[in-house]
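Listing of input06.cif, mmCIF, C-alpha atoms and all ligand atoms
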```
data_structure
loop_
_atom_site.label_atom_id
_atom_site.label_comp_id
_atom_site.auth_asym_id
_atom_site.auth_seq_id
_atom_site.Cartn_x
_atom_site.Cartn_y
_atom_site.Cartn_z
CA MET A 216 12.93 -8.82 13.79
CA SER A 217 13.26 -6.69 10.69
CA ASP A 218 14.73 -8.26 7.59
CA TYR A 219 15.75 -5.01 5.95
CA LEU A 220 18.35 -2.29 6.46
CA ASP A 221 18.21 1.40 5.65
CA GLY A 222 19.26 2.95 2.36
CA ASN A 223 22.74 3.83 3.60
CA VAL A 224 23.62 0.18 2.91
CA ALA A 225 23.48 1.03 -0.80
CA ALA A 226 26.18 3.70 -0.42
CA GLY A 227 29.05 1.29 -1.17
CA PRO A 228 27.78 -0.24 -4.41
CA LEU A 229 26.39 3.13 -5.61
CA SER A 230 29.73 4.87 -5.00
CA GLU A 231 31.30 2.41 -7.46
CA LEU A 232 29.00 3.86 -10.13
CA PHE A 233 28.44 7.51 -9.25
CA ALA A 234 30.67 10.31 -8.04
CA VAL A 235 27.97 11.82 -5.80
CA ASP A 236 26.54 10.21 -2.67
CA LEU A 237 23.11 9.13 -3.91
CA THR A 238 21.94 7.97 -0.49
CA ALA A 239 21.66 11.70 0.38
CA ALA A 240 19.55 12.38 -2.74
CA ILE A 241 15.79 12.93 -2.60
CA ALA A 242 14.00 10.01 -4.22
CA GLN A 243 10.45 9.86 -5.55
CA CYS A 244 8.69 6.50 -5.76
CA ASN A 245 7.21 5.81 -9.17
CA GLY A 246 4.53 3.64 -7.54
CA CYS A 247 2.97 5.93 -4.91
CA GLY A 248 4.77 9.25 -5.24
CA HIS A 249 6.27 9.04 -1.75
CA THR A 250 9.23 11.41 -1.69
CA THR A 251 12.03 11.08 0.82
CA VAL A 252 15.78 10.98 1.20
CA PHE A 253 17.01 7.74 -0.37
CA ALA A 254 18.77 6.67 2.83
CA GLU A 255 15.33 6.17 4.41
CA SER A 256 14.33 3.47 1.95
CA ARG A 257 14.30 -0.18 3.06
CA VAL A 258 17.14 -2.23 1.66
CA TYR A 259 16.98 -6.02 1.41
CA ALA A 260 20.51 -7.31 1.03
CA ASP A 261 20.15 -11.01 1.99
CA ALA A 262 19.30 -11.78 -1.60
CA PRO A 263 20.98 -12.45 -4.96
CA GLY A 264 21.16 -8.66 -5.33
CA LEU A 265 20.47 -5.49 -3.38
CA VAL A 266 16.84 -4.31 -3.45
CA ALA A 267 15.70 -0.92 -2.11
CA ARG A 268 11.98 -0.52 -1.46
CA CYS A 269 9.68 2.43 -0.78
CA VAL A 270 8.67 2.95 2.85
CA GLY A 271 5.27 4.13 1.60
CA CYS A 272 4.19 1.21 -0.61
CA ASP A 273 6.97 -1.45 -0.58
CA SER A 274 7.51 -1.15 -4.35
CA VAL A 275 11.00 -1.66 -5.65
CA LEU A 276 12.85 1.66 -6.05
CA LEU A 277 16.26 0.38 -7.10
CA ARG A 278 18.07 -2.90 -7.69
CA ILE A 279 21.80 -3.54 -7.93
CA VAL A 280 23.22 -6.87 -9.08
CA THR A 281 26.97 -7.29 -9.26
CA THR A 282 28.22 -10.09 -11.48
CA PRO A 283 31.89 -10.97 -12.08
CA ASN A 284 31.87 -8.81 -15.24
CA ASP A 285 29.18 -6.15 -14.82
CA THR A 286 27.02 -4.24 -12.41
CA TYR A 287 23.31 -4.04 -13.26
CA LEU A 288 21.50 -0.99 -11.94
CA ASP A 289 17.70 -0.87 -12.28
CA LEU A 290 16.14 2.50 -11.47
CA ARG A 291 12.69 1.87 -13.01
CA GLY A 292 10.97 2.27 -9.65
CA LEU A 293 12.16 5.85 -9.21
CA THR A 294 10.45 8.86 -10.81
CA TYR A 295 13.57 10.84 -10.00
CA LEU A 296 16.60 11.20 -7.78
CA ARG A 297 17.12 14.85 -6.82
CA VAL A 298 20.75 15.74 -6.21
CA PRO A 299 21.82 19.26 -5.09
CA THR A 300 23.72 21.12 -7.81
CA THR A 301 27.21 21.91 -6.64
CA MET B 229 57.09 -45.67 2.37
CA ASN B 230 53.51 -46.09 1.35
CA ILE B 231 52.46 -49.48 0.21
CA VAL B 232 49.49 -49.48 -2.08
CA SER B 233 47.54 -52.68 -1.98
CA PRO B 234 46.36 -53.33 -5.52
CA GLY B 235 42.90 -54.55 -4.59
CA PHE B 236 42.00 -51.48 -2.58
CA THR B 237 40.07 -48.86 -4.54
CA GLY B 238 38.96 -46.70 -1.64
CA ARG B 239 35.52 -45.41 -0.82
CA ARG B 240 34.20 -41.98 -1.64
CA ARG B 241 33.02 -40.41 1.55
CA GLY B 242 29.25 -39.95 1.38
CA GLY B 243 29.40 -40.21 -2.40
CA THR B 244 27.94 -36.73 -2.79
CA GLU B 245 29.05 -34.23 -5.35
CA LEU B 246 28.09 -30.58 -5.46
CA PRO B 247 27.57 -28.46 -8.57
CA PRO B 248 30.60 -26.29 -9.45
CA GLY B 249 31.23 -23.31 -7.14
CA GLN B 250 28.84 -24.48 -4.41
CA TYR B 251 29.53 -25.19 -0.74
CA LEU B 252 27.58 -27.44 1.59
CA THR B 253 25.45 -26.01 4.38
CA HIS B 254 23.31 -27.69 7.01
CA GLU B 255 21.46 -24.45 7.75
CA PHE B 256 18.51 -23.23 5.69
CA PRO B 257 19.48 -19.61 4.91
CA VAL B 258 16.59 -17.19 4.37
CA LEU B 259 16.97 -14.92 1.35
CA SER B 260 14.42 -12.25 0.65
CA ALA B 261 14.13 -9.33 -1.71
CA GLY B 262 11.22 -7.79 0.16
CA PRO B 263 8.88 -8.03 3.12
CA THR B 264 7.55 -11.52 3.90
CA PRO B 265 3.90 -11.82 2.87
CA HIS B 266 1.70 -13.50 5.46
CA VAL B 267 -0.99 -15.18 3.40
CA ARG B 268 -3.66 -17.08 5.32
CA THR B 269 -4.72 -20.34 3.74
CA GLU B 270 -8.39 -19.25 3.72
CA HIS B 271 -7.37 -16.39 1.41
CA TRP B 272 -4.81 -18.35 -0.60
CA GLU B 273 -5.35 -19.33 -4.19
CA PHE B 274 -3.28 -20.67 -7.03
CA THR B 275 -4.13 -19.90 -10.64
CA VAL B 276 -2.86 -21.06 -14.00
CA THR B 277 -3.53 -18.69 -16.91
CA THR B 278 -2.99 -20.08 -20.39
CA GLU B 279 -1.75 -18.28 -23.49
CA SER B 280 -5.37 -17.92 -24.64
CA GLY B 281 -6.33 -16.24 -21.36
CA GLU B 282 -8.21 -19.15 -19.83
CA MET B 283 -7.78 -19.32 -16.06
CA TYR B 284 -7.74 -22.39 -13.82
CA ARG B 285 -8.07 -21.84 -10.08
CA TRP B 286 -7.43 -23.82 -6.89
CA ASP B 287 -8.16 -22.68 -3.36
CA TRP B 288 -6.46 -24.25 -0.32
CA PRO B 289 -9.02 -27.06 0.21
CA ALA B 290 -8.79 -27.90 -3.51
CA LEU B 291 -4.98 -28.13 -3.25
CA MET B 292 -5.24 -30.32 -0.14
CA ALA B 293 -7.68 -32.63 -1.96
CA LEU B 294 -5.11 -33.43 -4.65
CA PRO B 295 -2.71 -36.37 -4.29
CA ALA B 296 0.44 -35.21 -2.47
CA GLU B 297 3.97 -36.52 -2.83
CA GLU B 298 6.88 -36.79 -0.41
CA ILE B 299 9.90 -35.21 -2.08
CA THR B 300 13.58 -35.56 -1.10
CA LYS B 301 15.90 -33.38 -3.18
CA ASP B 302 19.17 -31.45 -3.04
CA ILE B 303 18.76 -27.68 -3.44
CA HIS B 304 21.29 -25.21 -4.80
CA CYS B 305 21.16 -21.44 -4.22
CA VAL B 306 22.87 -19.08 -6.66
CA THR B 307 24.50 -17.38 -3.62
CA ARG B 308 26.57 -20.61 -3.51
CA TRP B 309 25.09 -22.69 -0.72
CA SER B 310 23.74 -26.16 -1.36
CA LYS B 311 21.66 -28.22 1.03
CA LEU B 312 21.34 -31.96 0.52
CA GLN B 313 18.40 -34.29 0.96
CA THR B 314 15.80 -31.68 1.87
CA THR B 315 12.35 -33.17 2.47
CA TRP B 316 9.11 -31.63 1.30
CA LYS B 317 5.48 -32.50 0.74
CA GLY B 318 3.52 -31.06 -2.13
CA VAL B 319 1.44 -31.52 -5.25
CA SER B 320 3.19 -32.25 -8.52
CA LEU B 321 2.72 -29.70 -11.30
CA ASP B 322 1.92 -32.72 -13.50
CA THR B 323 -1.21 -33.15 -11.38
CA LEU B 324 -2.15 -29.46 -11.44
CA LEU B 325 -1.51 -29.06 -15.17
CA ALA B 326 -3.06 -32.39 -16.23
CA ASP B 327 -6.33 -30.86 -17.45
CA VAL B 328 -4.90 -27.50 -18.55
CA GLU B 329 -5.20 -27.01 -22.32
CA THR B 330 -2.02 -25.35 -23.51
CA GLY B 331 0.59 -25.42 -26.22
CA ALA B 332 2.76 -22.81 -24.49
CA ASP B 333 6.52 -23.23 -24.16
CA TYR B 334 7.14 -20.87 -21.23
CA ALA B 335 5.78 -20.13 -17.78
CA MET B 336 6.11 -17.11 -15.53
CA ALA B 337 5.64 -17.88 -11.84
CA HIS B 338 4.02 -15.04 -9.89
CA SER B 339 4.14 -14.70 -6.10
CA TYR B 340 2.29 -12.86 -3.38
CA GLY B 341 4.44 -9.77 -2.81
CA GLY B 342 5.14 -9.31 -6.53
CA TYR B 343 8.10 -11.62 -7.16
CA THR B 344 8.31 -13.31 -10.56
CA THR B 345 10.57 -15.91 -12.18
CA ASN B 346 10.49 -17.48 -15.64
CA LEU B 347 10.89 -21.13 -16.60
CA PRO B 348 10.37 -23.29 -19.68
CA LEU B 349 7.08 -25.13 -19.18
CA GLU B 350 8.80 -28.48 -19.79
CA ASP B 351 10.94 -27.91 -16.68
CA LEU B 352 7.77 -27.86 -14.60
CA LEU B 353 6.57 -31.22 -15.94
CA ASP B 354 7.61 -34.91 -15.79
CA GLY B 355 8.10 -35.06 -12.03
CA GLN B 356 10.43 -32.05 -11.89
CA SER B 357 8.38 -29.53 -9.91
CA TRP B 358 5.81 -29.22 -7.14
CA ILE B 359 3.68 -26.77 -5.20
CA ALA B 360 5.21 -27.56 -1.79
CA TYR B 361 3.41 -26.79 1.45
CA GLU B 362 5.38 -28.82 4.02
CA TYR B 363 9.07 -28.77 4.82
CA ASP B 364 10.59 -31.33 7.20
CA ASP B 365 7.10 -32.63 8.14
CA GLU B 366 5.95 -29.16 9.24
CA PRO B 367 3.74 -26.60 7.49
CA LEU B 368 6.00 -24.38 5.39
CA ASP B 369 7.06 -21.25 7.33
CA PRO B 370 6.24 -17.88 5.73
CA GLU B 371 9.98 -17.05 5.73
CA HIS B 372 10.60 -20.11 3.56
CA GLY B 373 7.69 -19.30 1.26
CA GLY B 374 4.65 -20.65 3.10
CA PRO B 375 1.85 -21.35 2.89
CA ALA B 376 3.07 -22.76 -0.44
CA ARG B 377 6.04 -22.31 -2.74
CA LEU B 378 7.12 -23.56 -6.11
CA LEU B 379 9.80 -26.26 -5.83
CA VAL B 380 11.99 -26.81 -8.92
CA PRO B 381 15.10 -28.34 -7.36
CA HIS B 382 17.01 -29.06 -10.58
CA LEU B 383 17.41 -25.31 -11.19
CA TYR B 384 19.00 -22.66 -8.93
CA PHE B 385 16.69 -22.03 -6.00
CA TRP B 386 15.61 -18.51 -7.06
CA LYS B 387 13.42 -20.36 -9.60
CA SER B 388 11.56 -22.05 -6.70
CA ALA B 389 9.35 -19.02 -6.13
CA LYS B 390 8.31 -18.48 -2.52
CA TRP B 391 4.65 -17.53 -1.81
CA VAL B 392 3.65 -18.70 -5.28
CA ARG B 393 0.17 -17.65 -6.37
CA GLY B 394 0.09 -18.54 -10.02
CA LEU B 395 1.61 -19.42 -13.36
CA VAL B 396 1.08 -17.46 -16.56
CA LEU B 397 1.79 -19.58 -19.64
CA SER B 398 3.09 -17.98 -22.81
CA ASP B 399 4.47 -18.71 -26.26
CA THR B 400 7.30 -16.24 -25.68
CA GLU B 401 10.03 -16.15 -23.05
CA ASP B 402 9.68 -13.16 -20.75
CA LEU B 403 12.14 -12.58 -17.91
CA GLY B 404 11.37 -12.51 -14.19
CA PHE B 405 12.60 -10.44 -11.23
CA TRP B 406 16.24 -11.58 -11.05
CA GLU B 407 16.44 -12.55 -14.71
CA THR B 408 15.83 -8.91 -15.73
CA ALA B 409 18.72 -7.79 -13.50
CA GLY B 410 21.60 -9.90 -14.72
CA TYR B 411 20.77 -13.44 -13.65
CA HIS B 412 20.64 -16.31 -16.13
CA GLU B 413 17.34 -16.96 -17.91
CA TYR B 414 17.52 -20.74 -17.23
CA GLY B 415 19.80 -21.30 -14.21
CA ASP B 416 21.16 -24.84 -14.39
CA PRO B 417 23.46 -25.26 -11.35
CA TRP B 418 25.41 -28.13 -12.97
CA LYS B 419 26.32 -25.83 -15.89
CA GLU B 420 26.89 -22.96 -13.42
CA GLN B 421 24.43 -20.71 -15.25
CA ARG B 422 24.40 -17.97 -12.61
CA TYR B 423 24.48 -14.81 -14.73
CA ALA B 424 23.19 -13.78 -18.14
CA GLY B 425 25.60 -15.08 -20.75
CA ASP B 426 27.02 -17.90 -18.57
ZN ZN C 501 5.92 4.00 -3.00
#
```
Go through the file and emit its structure as structure tokens.
Ligand SMILES: [Zn+2]
Amino acid sequence: MSDYLDGNVAAGPLSELFAVDLTAAIAQCNGCGHTTVFAESRVYADAPGLVARCVGCDSVLLRIVTTPNDTYLDLRGLTYLRVPTT
Amino acid sequence: MNIVSPGFTGRRRGGTELPPGQYLTHEFPVLSAGPTPHVRTEHWEFTVTTESGEMYRWDWPALMALPAEEITKDIHCVTRWSKLQTTWKGVSLDTLLADVETGADYAMAHSYGGYTTNLPLEDLLDGQSWIAYEYDDEPLDPEHGGPARLLVPHLYFWKSAKWVRGLVLSDTEDLGFWETAGYHEYGDPWKEQRYAGD
């Protein structure tokens, strides 16, 4: 039994913050350098927030916590998100 | 018409009261922010590092050799479930910290898998916290934090770090995993301190 989902689960909360679909972006892990489309990351959602982790090294790539007043977005685990220029 | 007999004051059913915004569950929901570490007891250790850098260390046999307590406490998760009268066995932090020389005010709990959570040191003392290794008379399941977890039932349950492997004591308050992402630095369920600023 796996306790995580794929990165597409983050599409909803991310679309509240960004106009582009970030799950289709290329993401580089700041821990191990693993580079892949964000949708392939492992998302743990049965938690006080949403946590996306690297498939290469399990480090945290992104965290989203939604409180009644604010949304906290932590991107420290990403070296970059690469989004095609339109 | 209702007739109220003056001597009858009624009886509160069960007499239990939940912190504000909580609901009662009889399940034991599993919350996790990452993969479940499977730490074998022969490789397990628990360390306390003081503000001067001195380290105290216990392996599994050393933990088992310490006096254990049976604990029955209500637990309250910030995701709004509460579970009453949960039963645990573990070693009091008073016992583990008895010979630790420190004047620190704060502790950061560190877990296998990288999780952290911060607490005032005084909330770990005076019979308020344990390193728990049995739940319901069974060895603690890895999904619930086994082989051993921190148990601090008077605070929201994210403070009761699963897979605990150590405490780092400090003069300054640093923030842990959820506390750096919008959750309250202290987390008293009776004051409903869920989020930063509550
Ligand atoms: Zn990585």
- Message: If I take CA of Thr330 (chain B) and CA of Leu395 (chain B), how far is one from the other in Å, to one decimal?
- Response: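 Taking CA of Thr330 (chain B) and CA of Leu395 (chain B), their separation equals 12.3 Å.
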- His382 (chain B) proximity check over B:His266, B:Lys317, B:His271, B:Lys301, using all atoms listed in the file: winner is B:Lys301
- Separation of CA of Gly394 (chain B) and CA of Asp273 (chain A), in Å?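 Interatomic distance, CA of Gly394 (chain B) to CA of Asp273 (chain A): 20.7 Å.
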- Message: Using only C-alpha atoms and all ligand atoms, which residues have at least one atom no more than 8 Å from ligand ZN 501 (chain C)? Output them as a PyMOL selection string.
- Response: chain A and resi 243-249+268-274+276
Please provide as a compact mmCIF listing (two decimals) with C-alpha atoms, in the frame of the given file all residues within 12 Å of Leu347 (chain B), with the sequence filter that same-chain residues fewer than 3 positions apart are discarded (counting all atoms listed in the file).
```
# COMPACT_ATOMS: atom_id res chain seq x y z
CA ALA B 332 2.76 -22.81 -24.49
CA ASP B 333 6.52 -23.23 -24.16
CA TYR B 334 7.14 -20.87 -21.23
CA ALA B 335 5.78 -20.13 -17.78
CA MET B 336 6.11 -17.11 -15.53
CA ALA B 337 5.64 -17.88 -11.84
CA HIS B 338 4.02 -15.04 -9.89
CA THR B 344 8.31 -13.31 -10.56
CA GLU B 350 8.80 -28.48 -19.79
CA ASP B 351 10.94 -27.91 -16.68
CA LEU B 352 7.77 -27.86 -14.60
CA LEU B 353 6.57 -31.22 -15.94
CA GLN B 356 10.43 -32.05 -11.89
CA SER B 357 8.38 -29.53 -9.91
CA LEU B 378 7.12 -23.56 -6.11
CA LEU B 379 9.80 -26.26 -5.83
CA VAL B 380 11.99 -26.81 -8.92
CA HIS B 382 17.01 -29.06 -10.58
CA LEU B 383 17.41 -25.31 -11.19
CA TYR B 384 19.00 -22.66 -8.93
CA TRP B 386 15.61 -18.51 -7.06
CA LYS B 387 13.42 -20.36 -9.60
CA SER B 388 11.56 -22.05 -6.70
CA ALA B 389 9.35 -19.02 -6.13
CA LEU B 395 1.61 -19.42 -13.36
CA VAL B 396 1.08 -17.46 -16.56
CA LEU B 397 1.79 -19.58 -19.64
CA SER B 398 3.09 -17.98 -22.81
CA ASP B 399 4.47 -18.71 -26.26
CA THR B 400 7.30 -16.24 -25.68
CA GLU B 401 10.03 -16.15 -23.05
CA ASP B 402 9.68 -13.16 -20.75
CA LEU B 403 12.14 -12.58 -17.91
CA GLY B 404 11.37 -12.51 -14.19
CA GLU B 407 16.44 -12.55 -14.71
CA HIS B 412 20.64 -16.31 -16.13
CA GLU B 413 17.34 -16.96 -17.91
CA TYR B 414 17.52 -20.74 -17.23
CA GLY B 415 19.80 -21.30 -14.21
CA ASP B 416 21.16 -24.84 -14.39
```
Please report as a compact mmCIF listing (two decimals) with C-alpha atoms, keeping the file's coordinate frame which residues of chain B come no farther than 7 Å from chain A, using all atoms listed in the file.
```txt
# COMPACT_ATOMS: atom_id res chain seq x y z
CA LEU B 259 16.97 -14.92 1.35
CA SER B 260 14.42 -12.25 0.65
CA ALA B 261 14.13 -9.33 -1.71
CA GLY B 262 11.22 -7.79 0.16
CA THR B 307 24.50 -17.38 -3.62
CA ALA B 409 18.72 -7.79 -13.50
CA GLY B 410 21.60 -9.90 -14.72
CA TYR B 423 24.48 -14.81 -14.73
```
- How many Å lie between CA of Ala360 (chain B) and CA of Trp391 (chain B), rounded to one decimal?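 Going from CA of Ala360 (chain B) over to CA of Trp391 (chain B), I get 10.0 Å.
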Neighbours of Ala239 (chain A) within 7 Å (only C-alpha atoms; same-chain residues fewer than 5 positions away dropped), as a compact mmCIF listing (two decimals) with C-alpha atoms, keeping the file's coordinate frame?
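Contents of selection.txt, freshly written:
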```
# COMPACT_ATOMS: atom_id res chain seq x y z
CA VAL A 252 15.78 10.98 1.20
CA PHE A 253 17.01 7.74 -0.37
CA ALA A 254 18.77 6.67 2.83
```
- Task: Write out as JSON, numbers by chain the residues lying within 7 Å of Val306 (chain B), counting all atoms listed in the file and excluding same-chain residues fewer than 2 positions away.
- Result: {"B": [304, 308, 384, 385, 422]}
Applying 7 Å and only C-alpha atoms, which residues near region 370-376 of chain B remain after dropping the ones on its own chain fewer than 3 positions away? List them as an mmCIF file with C-alpha atoms, in the frame of the given file.
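Listing of out.cif after writing:
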```
data_model
loop_
_atom_site.group_PDB
_atom_site.id
_atom_site.type_symbol
_atom_site.label_atom_id
_atom_site.label_comp_id
_atom_site.auth_asym_id
_atom_site.auth_seq_id
_atom_site.Cartn_x
_atom_site.Cartn_y
_atom_site.Cartn_z
ATOM 1 C CA VAL B 258 16.590 -17.190 4.370
ATOM 2 C CA THR B 264 7.550 -11.520 3.900
ATOM 3 C CA HIS B 266 1.700 -13.500 5.460
ATOM 4 C CA VAL B 267 -0.990 -15.180 3.400
ATOM 5 C CA THR B 269 -4.720 -20.340 3.740
ATOM 6 C CA ILE B 359 3.680 -26.770 -5.200
ATOM 7 C CA ALA B 360 5.210 -27.560 -1.790
ATOM 8 C CA TYR B 361 3.410 -26.790 1.450
ATOM 9 C CA LYS B 390 8.310 -18.480 -2.520
ATOM 10 C CA TRP B 391 4.650 -17.530 -1.810
ATOM 11 C CA VAL B 392 3.650 -18.700 -5.280
#
```
- Looking at B:Thr408, B:Leu291, B:Phe256, B:Trp316, which one is nearest to Pro367 (chain B), with distances taken over all atoms listed in the file? B:Trp316
What box, with edges along x, y and z, holds each listed atom of region 350-360 of chain B when 3 Å is added on every side, and can you state its centre and edge lengths in Å to one decimal, as AutoDock Vina command-line options?
```
--center_x 7.3 --center_y -30.9 --center_z -10.8 --size_x 13.3 --size_y 14.3 --size_z 24.0
```
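Each of B:Glu420, B:Asp354, B:Glu273, B:Asp364 was compared to Leu325 (chain B) using only C-alpha atoms, and B:Asp354 turns out to be the nearest.
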- Query: List as number ranges by chain: which residues have an atom within 6 Å of (13.1, 7.9, -7.3), counting only C-alpha atoms?
  - Reply: A: 242-244, 293-296
